[in-house]
$ cat start_14.txt   # compact mmCIF, C-alpha atoms and all ligand atoms
# COMPACT_ATOMS: atom_id res chain seq x y z
CA MET L 291 96.36 108.53 137.12
CA LYS L 292 93.08 110.29 136.56
CA LYS L 293 92.45 110.00 132.87
CA MET L 294 94.42 109.00 129.80
CA ALA L 295 93.77 110.38 126.31
CA ILE L 296 95.22 108.11 123.64
CA ILE L 297 95.88 109.61 120.19
CA GLY L 298 95.99 106.75 117.72
CA ALA L 299 93.99 103.55 118.03
CA GLY L 300 96.11 100.94 116.28
CA SER L 301 97.93 97.77 117.33
CA MET L 302 100.16 99.39 119.94
CA ALA L 303 97.35 101.42 121.50
CA GLU L 304 95.20 98.31 121.75
CA ALA L 305 98.01 96.22 123.27
CA LEU L 306 98.51 98.89 125.95
CA ILE L 307 94.78 99.36 126.59
CA SER L 308 94.34 95.62 126.94
CA GLY L 309 97.30 95.23 129.32
CA ILE L 310 96.47 98.29 131.43
CA LEU L 311 92.82 97.29 131.89
CA GLU L 312 93.68 93.66 132.54
CA ASN L 313 95.82 94.78 135.45
CA GLY L 314 93.21 97.20 136.80
CA LEU L 315 95.59 100.15 136.69
CA MET L 316 92.88 102.51 135.44
CA ASP L 317 89.12 102.49 135.30
CA ARG L 318 88.10 101.70 131.71
CA ARG L 319 85.85 104.78 131.56
CA ASN L 320 88.94 106.93 132.24
CA VAL L 321 90.70 105.63 129.14
CA TRP L 322 89.74 107.75 126.15
CA VAL L 323 90.92 107.16 122.64
CA THR L 324 90.77 108.80 119.23
CA ASN L 325 92.14 108.10 115.76
CA ASN L 326 92.30 109.84 112.41
CA SER L 327 88.93 108.88 110.92
CA ASN L 328 88.16 105.19 111.56
CA GLN L 329 84.93 105.39 113.59
CA GLU L 330 84.37 101.65 113.23
CA ARG L 331 87.67 100.97 114.98
CA LEU L 332 86.74 103.28 117.87
CA ASN L 333 83.36 101.50 118.20
CA ASP L 334 85.16 98.18 118.22
CA LEU L 335 87.51 99.29 121.04
CA GLU L 336 84.55 100.67 122.99
CA ASN L 337 82.66 97.39 122.64
CA ARG L 338 85.55 95.13 123.49
CA TYR L 339 87.24 97.12 126.27
CA GLY L 340 84.63 99.57 127.56
CA VAL L 341 86.93 102.52 126.87
CA VAL L 342 85.59 105.78 125.42
CA GLY L 343 86.19 106.56 121.74
CA THR L 344 85.62 110.11 120.53
CA TYR L 345 86.49 112.79 117.98
CA ASP L 346 85.44 115.55 120.40
CA LEU L 347 88.81 116.96 121.44
CA ASN L 348 87.36 119.02 124.31
CA ALA L 349 85.82 115.89 125.82
CA LEU L 350 88.95 113.81 125.08
CA PHE L 351 91.32 116.16 126.88
CA SER L 352 89.02 117.34 129.66
CA GLY L 353 90.60 116.21 132.96
CA ALA L 354 93.29 114.17 131.20
CA ASP L 355 96.60 114.03 133.08
CA ILE L 356 98.21 111.58 130.65
CA VAL L 357 98.26 111.96 126.87
CA MET L 358 99.56 109.00 124.93
CA LEU L 359 100.85 109.56 121.40
CA ALA L 360 100.32 106.30 119.48
CA MET L 361 100.06 107.25 115.82
CA LYS L 362 102.67 106.28 113.21
CA PRO L 363 105.76 108.53 113.25
CA LYS L 364 104.88 109.84 109.76
CA ASP L 365 101.56 111.12 111.16
CA ALA L 366 103.09 112.78 114.24
CA ALA L 367 103.31 116.26 112.73
CA SER L 368 99.68 116.45 111.59
CA ALA L 369 98.34 114.75 114.73
CA ILE L 370 100.27 117.00 117.15
CA ASP L 371 99.30 120.03 115.11
CA TYR L 372 95.65 119.00 115.46
CA ILE L 373 95.79 118.56 119.28
CA ARG L 374 98.31 121.33 120.00
CA ASP L 375 95.87 123.69 121.73
CA HIS L 376 94.85 120.95 124.17
CA LEU L 377 98.36 120.08 125.32
CA ARG L 378 99.28 121.56 128.70
CA SER L 379 102.61 121.75 130.50
CA GLU L 380 101.20 119.91 133.55
CA MET L 381 100.19 116.84 131.50
CA LEU L 382 102.48 113.86 131.11
CA ILE L 383 102.89 113.20 127.40
CA VAL L 384 103.75 109.55 126.80
CA SER L 385 105.03 108.84 123.32
CA VAL L 386 105.55 105.35 121.89
CA LEU L 387 106.58 106.69 118.47
CA ALA L 388 109.62 104.96 117.02
CA GLY L 389 112.47 107.37 116.39
CA VAL L 390 110.67 110.59 117.30
CA SER L 391 112.70 112.49 119.91
CA THR L 392 111.28 114.37 122.88
CA GLU L 393 112.80 117.53 121.41
CA SER L 394 110.94 116.94 118.13
CA ILE L 395 107.66 116.45 119.98
CA GLU L 396 108.14 119.75 121.82
CA ALA L 397 109.05 121.46 118.53
CA LEU L 398 105.94 120.05 116.85
CA ALA L 399 103.78 121.18 119.77
CA GLY L 400 105.54 124.56 119.86
CA LYS L 401 105.61 124.56 123.63
CA PRO L 402 107.52 122.99 126.55
CA LEU L 403 106.07 119.65 127.60
CA SER L 404 106.80 116.89 130.10
CA ILE L 405 107.49 113.90 127.89
CA ALA L 406 108.15 110.24 128.65
CA ARG L 407 109.29 108.59 125.44
CA ALA L 408 108.81 104.86 125.63
CA MET L 409 109.49 101.88 123.42
CA PRO L 410 107.20 99.03 124.47
CA ASN L 411 106.20 96.06 122.34
CA THR L 412 102.87 94.49 121.50
CA SER L 413 103.30 91.79 124.16
CA ALA L 414 101.91 94.51 126.46
CA ALA L 415 98.56 92.95 125.53
CA VAL L 416 99.44 89.94 127.70
CA GLY L 417 101.40 91.87 130.35
CA LYS L 418 104.76 90.81 128.88
CA SER L 419 106.07 93.91 127.14
CA ALA L 420 109.73 94.80 127.42
CA THR L 421 109.63 98.59 127.63
CA ALA L 422 112.44 101.11 127.81
CA ILE L 423 111.58 104.67 128.83
CA ALA L 424 113.47 107.95 128.57
CA VAL L 425 112.15 111.18 130.02
CA ASN L 426 112.94 114.79 129.28
CA ALA L 427 114.10 117.24 131.95
CA ARG L 428 110.60 118.60 132.61
CA VAL L 429 109.22 115.31 133.87
CA SER L 430 108.62 115.49 137.62
CA GLU L 431 109.38 112.68 140.09
CA GLU L 432 105.66 111.99 140.30
CA GLN L 433 105.31 111.80 136.52
CA LEU L 434 108.34 109.53 136.32
CA GLU L 435 106.60 107.22 138.79
CA THR L 436 103.44 107.37 136.66
CA ALA L 437 105.41 106.30 133.57
CA ARG L 438 107.06 103.49 135.54
CA GLN L 439 103.66 102.30 136.79
CA LEU L 440 102.00 102.59 133.40
CA PHE L 441 104.53 100.42 131.62
CA GLY L 442 105.34 98.32 134.70
CA THR L 443 101.78 97.08 134.66
CA VAL L 444 102.20 95.69 131.13
CA GLY L 445 105.57 94.01 131.67
CA LEU L 446 109.18 94.93 132.29
CA ALA L 447 109.86 98.69 132.38
CA GLU L 448 113.40 100.08 132.46
CA PHE L 449 114.64 103.65 132.24
CA VAL L 450 117.37 104.38 129.66
CA GLU L 451 119.05 107.41 128.11
CA GLU L 452 117.06 108.74 125.17
CA VAL L 453 119.96 108.08 122.79
CA GLN L 454 119.59 104.34 123.52
CA LEU L 455 116.00 104.16 122.35
CA ASP L 456 116.86 103.51 118.69
CA ALA L 457 118.78 100.41 119.77
CA VAL L 458 115.91 99.32 122.01
CA THR L 459 113.51 99.78 119.10
CA GLY L 460 115.60 97.52 116.86
CA LEU L 461 115.98 94.94 119.61
CA SER L 462 112.78 94.63 121.64
CA GLY L 463 110.32 97.07 120.01
CA SER L 464 110.47 95.11 116.77
CA GLY L 465 111.59 91.98 118.63
CA PRO L 466 108.25 90.13 118.78
CA ALA L 467 108.16 90.14 114.96
CA TYR L 468 111.52 88.34 114.79
CA ILE L 469 110.24 85.68 117.15
CA TYR L 470 106.96 85.32 115.20
CA TYR L 471 109.06 84.92 112.06
CA LEU L 472 111.03 82.16 113.77
CA ILE L 473 107.81 80.45 114.87
CA GLU L 474 106.37 80.69 111.34
CA THR L 475 109.58 79.14 110.02
CA MET L 476 109.62 76.35 112.59
CA GLU L 477 105.95 75.60 111.87
CA LYS L 478 106.64 75.32 108.13
CA SER L 479 109.54 72.96 108.67
CA ALA L 480 107.58 70.86 111.18
CA VAL L 481 104.85 70.26 108.60
CA GLU L 482 107.47 69.39 105.99
CA ILE L 483 108.92 66.69 108.24
CA GLY L 484 105.54 65.15 108.95
CA LEU L 485 104.04 66.82 112.03
CA GLU L 486 100.54 68.23 112.23
CA LYS L 487 100.50 72.02 112.31
CA GLU L 488 98.54 72.36 115.57
CA MET L 489 100.70 69.87 117.45
CA ALA L 490 103.85 71.49 116.03
CA LYS L 491 102.68 74.91 117.21
CA GLN L 492 102.19 73.65 120.75
CA LEU L 493 105.62 72.06 120.78
CA ILE L 494 107.28 75.18 119.37
CA VAL L 495 105.58 77.56 121.79
CA GLN L 496 106.44 75.40 124.80
CA THR L 497 110.03 75.12 123.55
CA LEU L 498 110.30 78.92 123.30
CA ILE L 499 108.72 79.51 126.71
CA GLY L 500 110.97 76.85 128.25
CA ALA L 501 114.13 78.25 126.66
CA ALA L 502 113.20 81.82 127.70
CA GLU L 503 112.55 80.69 131.28
CA MET L 504 115.86 78.82 131.32
CA VAL L 505 117.76 81.93 130.19
CA LYS L 506 115.85 84.07 132.69
CA ASN L 507 116.27 81.78 135.70
CA SER L 508 119.59 80.02 135.12
CA SER L 509 122.98 81.41 136.06
CA LYS L 510 124.33 79.89 132.83
CA SER L 511 124.81 81.96 129.67
CA PRO L 512 122.65 81.27 126.59
CA GLU L 513 125.77 79.90 124.91
CA GLN L 514 126.40 77.46 127.77
CA LEU L 515 122.76 76.38 127.73
CA ARG L 516 122.99 75.84 123.97
CA ARG L 517 126.12 73.71 124.39
CA GLU L 518 124.30 71.53 126.93
CA VAL L 519 121.66 70.69 124.29
CA THR L 520 124.31 69.95 121.68
CA SER L 521 125.60 66.39 122.04
CA PRO L 522 128.79 65.68 120.06
CA GLY L 523 127.82 64.00 116.80
CA GLY L 524 124.14 64.39 117.67
CA THR L 525 121.04 65.99 116.16
CA THR L 526 121.48 69.55 117.45
CA GLU L 527 125.03 69.70 116.15
CA ALA L 528 123.75 68.66 112.71
CA GLY L 529 121.09 71.38 112.83
CA ILE L 530 123.26 74.21 114.18
CA ARG L 531 125.93 73.44 111.57
CA VAL L 532 123.37 74.31 108.87
CA LEU L 533 122.48 77.58 110.65
CA GLU L 534 126.17 78.52 110.77
CA GLU L 535 126.79 77.54 107.13
CA ASN L 536 123.89 79.83 106.21
CA GLY L 537 125.10 82.77 108.28
CA VAL L 538 121.94 82.90 110.39
CA GLN L 539 123.60 84.53 113.40
CA GLN L 540 125.08 87.26 111.21
CA ALA L 541 121.69 87.71 109.53
CA PHE L 542 120.06 88.30 112.94
CA ILE L 543 122.77 90.79 113.90
CA SER L 544 122.25 92.65 110.60
CA CYS L 545 118.48 92.54 111.10
CA ILE L 546 118.60 94.18 114.53
CA LYS L 547 121.15 96.76 113.34
CA ALA L 548 118.98 97.60 110.32
CA ALA L 549 115.90 98.11 112.49
CA ALA L 550 117.83 100.31 114.95
CA ALA L 551 119.33 102.32 112.08
CA GLN L 552 115.87 102.82 110.58
CA SER L 553 114.61 104.17 113.93
CA LYS L 554 117.51 106.65 114.02
CA ARG L 555 117.02 107.58 110.35
CA MET L 556 113.32 108.31 110.88
CA GLY L 557 114.06 110.41 113.96
CA ASP L 558 116.95 112.30 112.37
CA ALA L 559 114.89 113.15 109.29
CA LEU L 560 112.25 114.74 111.51
CA CYS L 561 114.91 116.57 113.57
CA SER L 562 116.38 118.05 110.36
CA GLN L 563 112.93 119.07 109.16
CA LEU L 564 112.18 120.76 112.50
CA GLN L 565 115.72 122.12 112.87
CA VAL L 566 116.16 120.62 116.31
CA GLY L 567 119.30 118.83 117.50
CA LYS L 568 119.82 115.26 116.38
CA ARG L 569 120.42 112.77 119.14
N1 LIG X 601 103.18 98.00 116.44
C1 LIG X 601 104.23 97.80 117.24
O1 LIG X 601 104.67 96.67 117.45
C2 LIG X 601 104.86 98.96 117.92
C3 LIG X 601 104.58 100.25 117.55
N2 LIG X 601 105.19 101.30 118.19
C4 LIG X 601 104.85 102.66 117.79
O2 LIG X 601 103.48 102.83 118.02
C5 LIG X 601 102.95 103.76 117.10
C6 LIG X 601 101.69 103.19 116.51
O3 LIG X 601 101.99 102.02 115.81
P1 LIG X 601 100.85 100.98 115.43
O4 LIG X 601 99.89 100.88 116.55
O5 LIG X 601 101.53 99.78 114.94
O6 LIG X 601 100.16 101.75 114.21
P2 LIG X 601 98.74 101.52 113.53
O7 LIG X 601 98.89 101.84 112.09
O8 LIG X 601 98.20 100.19 113.94
O9 LIG X 601 97.83 102.66 114.20
C7 LIG X 601 98.06 104.01 113.98
C8 LIG X 601 96.88 104.77 114.54
O10 LIG X 601 97.15 106.16 114.46
C9 LIG X 601 95.98 106.81 114.01
N3 LIG X 601 96.25 108.12 113.42
C10 LIG X 601 96.84 108.41 112.24
N4 LIG X 601 96.87 109.75 112.05
C11 LIG X 601 96.27 110.29 113.14
C12 LIG X 601 95.96 111.61 113.52
N5 LIG X 601 96.28 112.66 112.74
N6 LIG X 601 95.32 111.82 114.69
C13 LIG X 601 94.98 110.77 115.48
N7 LIG X 601 95.25 109.49 115.17
C14 LIG X 601 95.88 109.25 114.00
C15 LIG X 601 95.36 105.83 113.02
O11 LIG X 601 94.01 106.19 112.80
P3 LIG X 601 93.18 105.75 111.47
O12 LIG X 601 93.07 104.26 111.55
O13 LIG X 601 91.89 106.45 111.61
O14 LIG X 601 94.01 106.21 110.31
C16 LIG X 601 95.56 104.54 113.80
O15 LIG X 601 94.55 104.40 114.77
C17 LIG X 601 104.03 104.02 116.05
O16 LIG X 601 104.55 105.30 116.25
C18 LIG X 601 105.06 102.94 116.30
O17 LIG X 601 106.35 103.41 116.05
C19 LIG X 601 106.05 101.12 119.23
C20 LIG X 601 106.36 99.87 119.64
C21 LIG X 601 105.85 98.67 119.00
O1 LIG X 602 107.89 98.67 112.88
C1 LIG X 602 107.81 99.72 113.51
O2 LIG X 602 108.20 100.79 113.02
C2 LIG X 602 107.26 99.71 114.91
C3 LIG X 602 108.24 100.23 115.92
C4 LIG X 602 108.65 99.05 116.73
C5 LIG X 602 107.78 97.98 116.29
N1 LIG X 602 107.00 98.37 115.32

$ encode --input "start_14.txt" --output "C-alpha cells"
Amino acid sequence: MKKMAIIGAGSMAEALISGILENGLMDRRNVWVTNNSNQERLNDLENRYGVVGTYDLNALFSGADIVMLAMKPKDAASAIDYIRDHLRSEMLIVSVLAGVSTESIEALAGKPLSIARAMPNTSAAVGKSATAIAVNARVSEEQLETARQLFGTVGLAEFVEEVQLDAVTGLSGSGPAYIYYLIETMEKSAVEIGLEKEMAKQLIVQTLIGAAEMVKNSSKSPEQLRREVTSPGGTTEAGIRVLEENGVQQAFISCIKAAAAQSKRMGDALCSQLQVGKR
C-alpha cells in the first residue's frame, strides 16, 4: 500500500484513519484526505493524526494506489463526477457507501474500475470493526489481499457476495448504534433505580464485554447462555418477561430488517437513476 486518497472526511473516514494508523499499516504521511468544503475539519484531522488534508486533486491522487470513497451515498454522484478524471483502472477503489453497488460506482465514473465495496462500522477506530467486503470481477488477487489487510487491521474482515451487503449494513454497519441505544437505555434505568451514572456505565460496559466474550468463546448458544442466567422464579426471569410482553425481540428483528431494506432502497434508487442492473 503506497498511498491512500480518502474522499470524505466524516465519522467513518476518521474511524478508519484512526484504526489504520494505530496498527501501523500505513505511514501517516501517505494517508491523504479531502472533503466537500470543510477546511477546519481537514486541519483537525491533520493535527490529530498527522495525515495530509487537501483540496488539490492532483496532489491528492498523485501516486495513490488506493482511493477510498467515504462520502454519504447521496453525495456519491457529485463527488465521483468531481474526481472522475483522476480515477485509473489500476487503482483499488474502496467504497464504504451504504447501498451503492460496484456497478453504480463504475457507471458514475463512466469507466471500468477495480472496486472493493466494504461495510465496516465505526468500531474500526478501536480496531474492532466487523467488516464485510465484496469485490467486483476486476479486482486482482493482490488488490483483494490489500482490501483484506486494510480492513483486517481494523477488526474482523470477511468476504461476502455483494448481494449480502444490504443485510450486513442493517446488521453490523448500523449495529454499533443499536448497542449504544441499549447502553443509553440501561444507563437511564440504572439512574432511576438509584445508581450513580458513572458507576452504572462501568457496570454496563463490563457486562456487555463479558457477555460478548462469552458468546465468542463458549461452545454454548446465546440462548443457552441466557437460560443459565435465568433462575426459575428469579430476577432475570422477571426482567425478561417484561421484554417479551413488550415485543422487544420482534422490535429488534424489525429494526435490523428496516435498516437492511433502507440500504437496498438507497442502492436500487441509484441503480434505476443510472440504468444499471439492480442487485
Ligand atoms: N457512520 C457510520 O457508522 C458508517 C458509515 N458508512 C458509510 O460511510 C460513508 C460516510 O458516512 P459518515 O462518515 O457517517 O458521513 P459524514 O457525514 O460524517 O461525512 C461525510 C463526508 O463526506 C464529505 N463529502 C460530501 N460531499 C463530498 C464531495 N462532493 N467530495 C468530497 N467529500 C464530500 C463531507 O464533507 P463536508 O463536511 O465538507 O461536507 C464529509 O467529510 C457513508 O456512505 C456511509 O454509508 C459505512 C459504515 C458505517
Ligand atoms: O446510517 C447509515 O446510513 C450508515 C451506514 C451504516 C451505518 N451508518

$ residues_around --input "start_14.txt" --residues "Asn325 of chain L" --least-positions-apart "2" --cutoff "10 Å" --atoms "all atoms listed in the file" --output "number ranges by chain"
L: 296-300, 323, 327-329, 331-332, 343-345, 360-361, 369

$ residues_around --input "start_14.txt" --residues "Val444 of chain L" --least-positions-apart "3" --cutoff "6 Å" --atoms "only C-alpha atoms" --output "PyMOL selection string"
chain L and resi 309+414+417-419+441

$ atom_distance --input "start_14.txt" --atom1 "atom C7 of ligand LIG 601 (chain X)" --atom2 "atom CA of Thr324 of chain L"
10.2 Å

$ residues_near_ligand --input "start_14.txt" --ligand "ligand LIG 602 (chain X)" --cutoff "10 Å" --atoms "all atoms listed in the file" --output "ChimeraX atom specification"
/L:301-302,362-363,386-389,409-412,456,458-467,549-550,552-553,556

$ residues_around --input "start_14.txt" --residues "segment 445-450 of chain L" --least-positions-apart "2" --cutoff "12 Å" --atoms "only C-alpha atoms" --output "ChimeraX atom specification"
/L:305-306,309-310,312-313,406-426,434-443,452-458,462

$ atom_distance --input "start_14.txt" --atom1 "atom CA of Met291 of chain L" --atom2 "atom CA of Gly314 of chain L"
11.8 Å

$ closest_residue --input "start_14.txt" --among "L:Ala548, L:Leu533, L:Ala366, L:Val495" --to "ligand LIG 601 (chain X)" --atoms "only C-alpha atoms and all ligand atoms"
L:Ala366

$ closest_residue --input "start_14.txt" --among "L:Ile469, L:Met294, L:Ile499, L:Ile370" --to "ligand LIG 601 (chain X)" --atoms "all atoms listed in the file"
L:Ile370

$ axis_aligned_box --input "start_14.txt" --around "ligand LIG 601 (chain X)" --padding-each-side "4 Å" --output "JSON"
{"center_x": 99.1, "center_y": 104.7, "center_z": 115.0, "size_x": 22.5, "size_y": 24.0, "size_z": 17.3}

$ closest_residue --input "start_14.txt" --among "L:Leu350, L:Met504, L:Val341, L:Val390" --to "Ile373 of chain L" --atoms "all atoms listed in the file"
L:Leu350
